[in-house]
$ cat structure-v2.tsv   # TSV, C-alpha atoms
chain	number	residue	atom	x	y	z
A	1	MET	CA	-1.83	-45.62	-10.62
A	2	SER	CA	1.90	-45.80	-10.10
A	3	ILE	CA	3.69	-44.43	-7.03
A	4	TYR	CA	5.87	-42.38	-9.37
A	5	ARG	CA	2.83	-40.38	-10.48
A	6	ILE	CA	1.73	-39.68	-6.92
A	7	ARG	CA	5.08	-38.30	-5.67
A	8	PRO	CA	4.87	-34.97	-7.58
A	9	ILE	CA	1.34	-34.42	-6.28
A	10	ILE	CA	2.42	-35.11	-2.69
A	11	GLY	CA	5.36	-32.73	-3.12
A	12	LEU	CA	3.07	-29.99	-4.44
A	13	VAL	CA	0.65	-30.44	-1.53
A	14	LEU	CA	3.53	-30.20	0.96
A	15	ILE	CA	4.77	-26.98	-0.67
A	16	VAL	CA	1.30	-25.43	-0.48
A	17	PHE	CA	0.97	-26.32	3.20
A	18	ALA	CA	4.46	-24.99	3.97
A	19	ALA	CA	3.67	-21.69	2.24
A	20	ALA	CA	0.41	-21.38	4.18
A	21	ALA	CA	2.21	-22.08	7.47
A	22	ALA	CA	4.88	-19.48	6.68
A	23	ALA	CA	2.24	-16.89	5.92
A	24	ALA	CA	0.49	-17.64	9.21
A	25	THR	CA	3.64	-16.86	11.23
A	26	HIS	CA	3.24	-13.12	10.64
A	27	GLY	CA	0.59	-10.71	11.75
A	28	THR	CA	-1.57	-8.82	9.34
A	29	ALA	CA	-1.51	-5.23	8.23
A	30	THR	CA	-4.27	-3.35	6.47
A	31	VAL	CA	-4.10	0.00	4.74
A	32	ARG	CA	-7.03	2.18	3.84
A	33	TYR	CA	-7.26	5.65	2.39
A	34	ASP	CA	-9.29	8.41	4.02
A	35	HIS	CA	-10.89	10.38	1.15
A	36	PRO	CA	-8.18	10.01	-1.52
A	37	GLU	CA	-10.06	12.50	-3.71
A	38	ASN	CA	-8.95	15.18	-1.22
A	39	PHE	CA	-5.26	14.22	-1.19
A	40	THR	CA	-2.79	16.97	-2.07
A	41	GLU	CA	-1.45	14.79	-4.89
A	42	THR	CA	-4.90	14.28	-6.40
A	43	LYS	CA	-5.73	17.98	-6.33
A	44	GLU	CA	-2.37	18.96	-7.83
A	45	VAL	CA	-2.59	16.48	-10.69
A	46	GLN	CA	-6.18	17.46	-11.46
A	47	ALA	CA	-5.22	21.15	-11.50
A	48	PHE	CA	-2.01	21.00	-13.53
A	49	ALA	CA	-2.06	17.69	-15.43
A	50	PRO	CA	-5.62	16.34	-15.70
A	51	LEU	CA	-4.71	14.04	-18.58
A	52	GLN	CA	-2.13	12.34	-16.36
A	53	ALA	CA	-4.54	11.74	-13.47
A	54	ASP	CA	-4.19	8.09	-12.43
A	55	SER	CA	-4.90	6.63	-9.01
A	56	GLY	CA	-2.99	3.43	-9.84
A	57	TYR	CA	-0.19	4.48	-7.51
A	58	LEU	CA	-2.61	4.11	-4.58
A	59	VAL	CA	-3.13	0.41	-5.33
A	60	THR	CA	0.62	-0.15	-5.65
A	61	LEU	CA	1.40	1.79	-2.47
A	62	LYS	CA	-1.26	-0.06	-0.47
A	63	ALA	CA	0.03	-3.48	-1.57
A	64	TYR	CA	3.64	-2.49	-0.79
A	65	ILE	CA	2.87	-1.14	2.70
A	66	GLU	CA	0.71	-4.15	3.61
A	67	LYS	CA	3.39	-6.60	2.45
A	68	GLN	CA	6.23	-4.83	4.28
A	69	ALA	CA	4.27	-4.19	7.48
A	70	ALA	CA	3.02	-7.77	7.68
A	71	THR	CA	6.62	-9.00	7.96
A	72	ILE	CA	7.25	-6.96	11.12
A	73	VAL	CA	3.87	-7.30	12.87
A	74	PRO	CA	4.07	-10.05	15.50
A	75	PRO	CA	2.05	-13.23	14.93
A	76	GLY	CA	-1.56	-12.87	15.99
A	77	GLU	CA	-1.39	-9.07	15.94
A	78	ARG	CA	-2.95	-6.67	13.45
A	79	LEU	CA	-1.85	-3.21	12.31
A	80	ASP	CA	-4.40	-0.85	10.79
A	81	ILE	CA	-2.95	2.09	8.88
A	82	VAL	CA	-5.09	4.97	7.66
A	83	ILE	CA	-3.47	7.25	5.09
A	84	THR	CA	-4.94	10.73	5.33
A	85	ASP	CA	-2.83	12.60	2.75
A	86	ILE	CA	-0.19	11.95	0.09
A	87	ASP	CA	1.96	14.38	-1.85
A	88	ARG	CA	4.42	12.59	-4.13
A	89	ALA	CA	7.87	14.02	-4.85
A	90	GLY	CA	8.00	16.84	-7.35
A	91	SER	CA	5.47	19.32	-8.57
A	92	TYR	CA	3.88	20.29	-11.85
A	93	LEU	CA	4.77	23.76	-12.97
A	94	PRO	CA	2.04	25.74	-14.65
A	95	SER	CA	2.53	25.37	-18.38
A	96	ALA	CA	0.44	27.47	-20.70
A	97	GLY	CA	-0.69	25.49	-23.72
A	98	ARG	CA	1.46	22.40	-23.13
A	99	LEU	CA	-0.27	19.08	-23.64
A	100	ASN	CA	2.18	17.13	-21.50
A	101	PRO	CA	2.98	18.98	-18.28
A	102	VAL	CA	6.30	18.07	-16.70
A	103	ARG	CA	6.72	17.08	-13.05
A	104	ILE	CA	9.80	18.78	-11.61
A	105	VAL	CA	11.51	16.75	-8.89
A	106	SER	CA	13.94	18.59	-6.63
A	107	ASP	CA	14.72	19.14	-2.96
A	108	ASN	CA	12.11	21.90	-2.97
A	109	TYR	CA	9.32	19.35	-3.51
A	110	PRO	CA	9.90	16.39	-1.14
A	111	PRO	CA	7.40	13.53	-0.86
A	112	ARG	CA	5.03	13.60	2.10
A	113	ILE	CA	2.56	11.14	3.58
A	114	ASN	CA	0.28	11.56	6.60
A	115	LEU	CA	-0.70	8.40	8.49
A	116	ALA	CA	-3.01	7.60	11.36
A	117	LEU	CA	-1.80	4.68	13.48
A	118	PRO	CA	-3.23	3.24	16.70
A	119	ALA	CA	-1.34	4.36	19.79
A	120	ALA	CA	0.87	1.74	21.47
A	121	GLY	CA	-1.05	-0.15	24.12
A	122	GLN	CA	-4.35	1.44	23.14
A	123	PRO	CA	-7.10	-1.20	23.07
A	124	ARG	CA	-8.85	-1.58	19.75
A	125	LYS	CA	-12.61	-1.94	19.40
A	126	ASP	CA	-12.17	-5.55	18.33
A	127	ASP	CA	-9.55	-6.32	21.00
A	128	THR	CA	-10.96	-9.10	23.17
A	129	ARG	CA	-7.96	-9.48	25.46
A	130	GLY	CA	-8.61	-8.86	29.16
$ encode --input "structure-v2.tsv" --output "C-alpha cells"
Amino acid sequence: MSIYRIRPIIGLVLIVFAAAAAAATHGTATVRYDHPENFTETKEVQAFAPLQADSGYLVTLKAYIEKQAATIVPPGERLDIVITDIDRAGSYLPSAGRLNPVRIVSDNYPPRINLALPAAGQPRKDDTRG
C-alpha cells in the first residue's frame, strides 16, 4: 500500500479527533418537556385547528435550545432545562365551517415559554463536588 493512499485516511482521522475535542470543550445542556399534552399551545391547536396538530416543533425547539445552551455552559458543567408551558406567537380565531383555520399573529398574541432552571449555586442530586 502506497503512502499516498494512507495520507487521506490519516487526515480524516485527525479531523474526527479534532471535532471530538472541540465538542468536549463545552458543557452539556439537556431539555425535557413536562407534560407537553397540557401545554397552552397543544390545547389551543387541538381546540381550534385539530387537523394542524403537530408536535414537530417540540423536537426542533429542543434541539435548538440544547445546541445554543451547550455553547455557553462551561466545560464540565451541565444545564438541565425543564419546559413547563409553551404558547407560540399568534392565535387561531374560531372559524365556523372552515377547513383550514388561520393563525393570526399580532402584538396581542406574543409567544410565551415557561422554564424551570436550577438555582445558581444550588447543588444537584448528582453533584459530587464537596
$ closest_residue --input "structure-v2.tsv" --among "A:Ile83, A:Ala89, A:Val102, A:Ala116" --to "Asn38 of chain A" --atoms "only C-alpha atoms"
A:Ile83
$ closest_residue --input "structure-v2.tsv" --among "A:Pro75, A:Asp85, A:Leu93, A:Thr30" --to "Lys62 of chain A" --atoms "only C-alpha atoms"
A:Thr30
$ residues_near_point --input "structure-v2.tsv" --point "(-2.6, -2.5, 11.4)" --cutoff "6 Å" --atoms "all atoms listed in the file" --output "VMD selection string"
chain A and resid 29 to 30 78 to 81
$ atom_distance --input "structure-v2.tsv" --atom1 "atom CA of Asn108 of chain A" --atom2 "atom CA of Leu61 of chain A"
22.8 Å
$ atom_distance --input "structure-v2.tsv" --atom1 "atom CA of Glu77 of chain A" --atom2 "atom CA of Ala63 of chain A"
18.4 Å
$ closest_residue --input "structure-v2.tsv" --among "A:Arg112, A:Lys43, A:Arg88, A:Arg103" --to "Tyr57 of chain A" --atoms "all atoms listed in the file"
A:Arg88
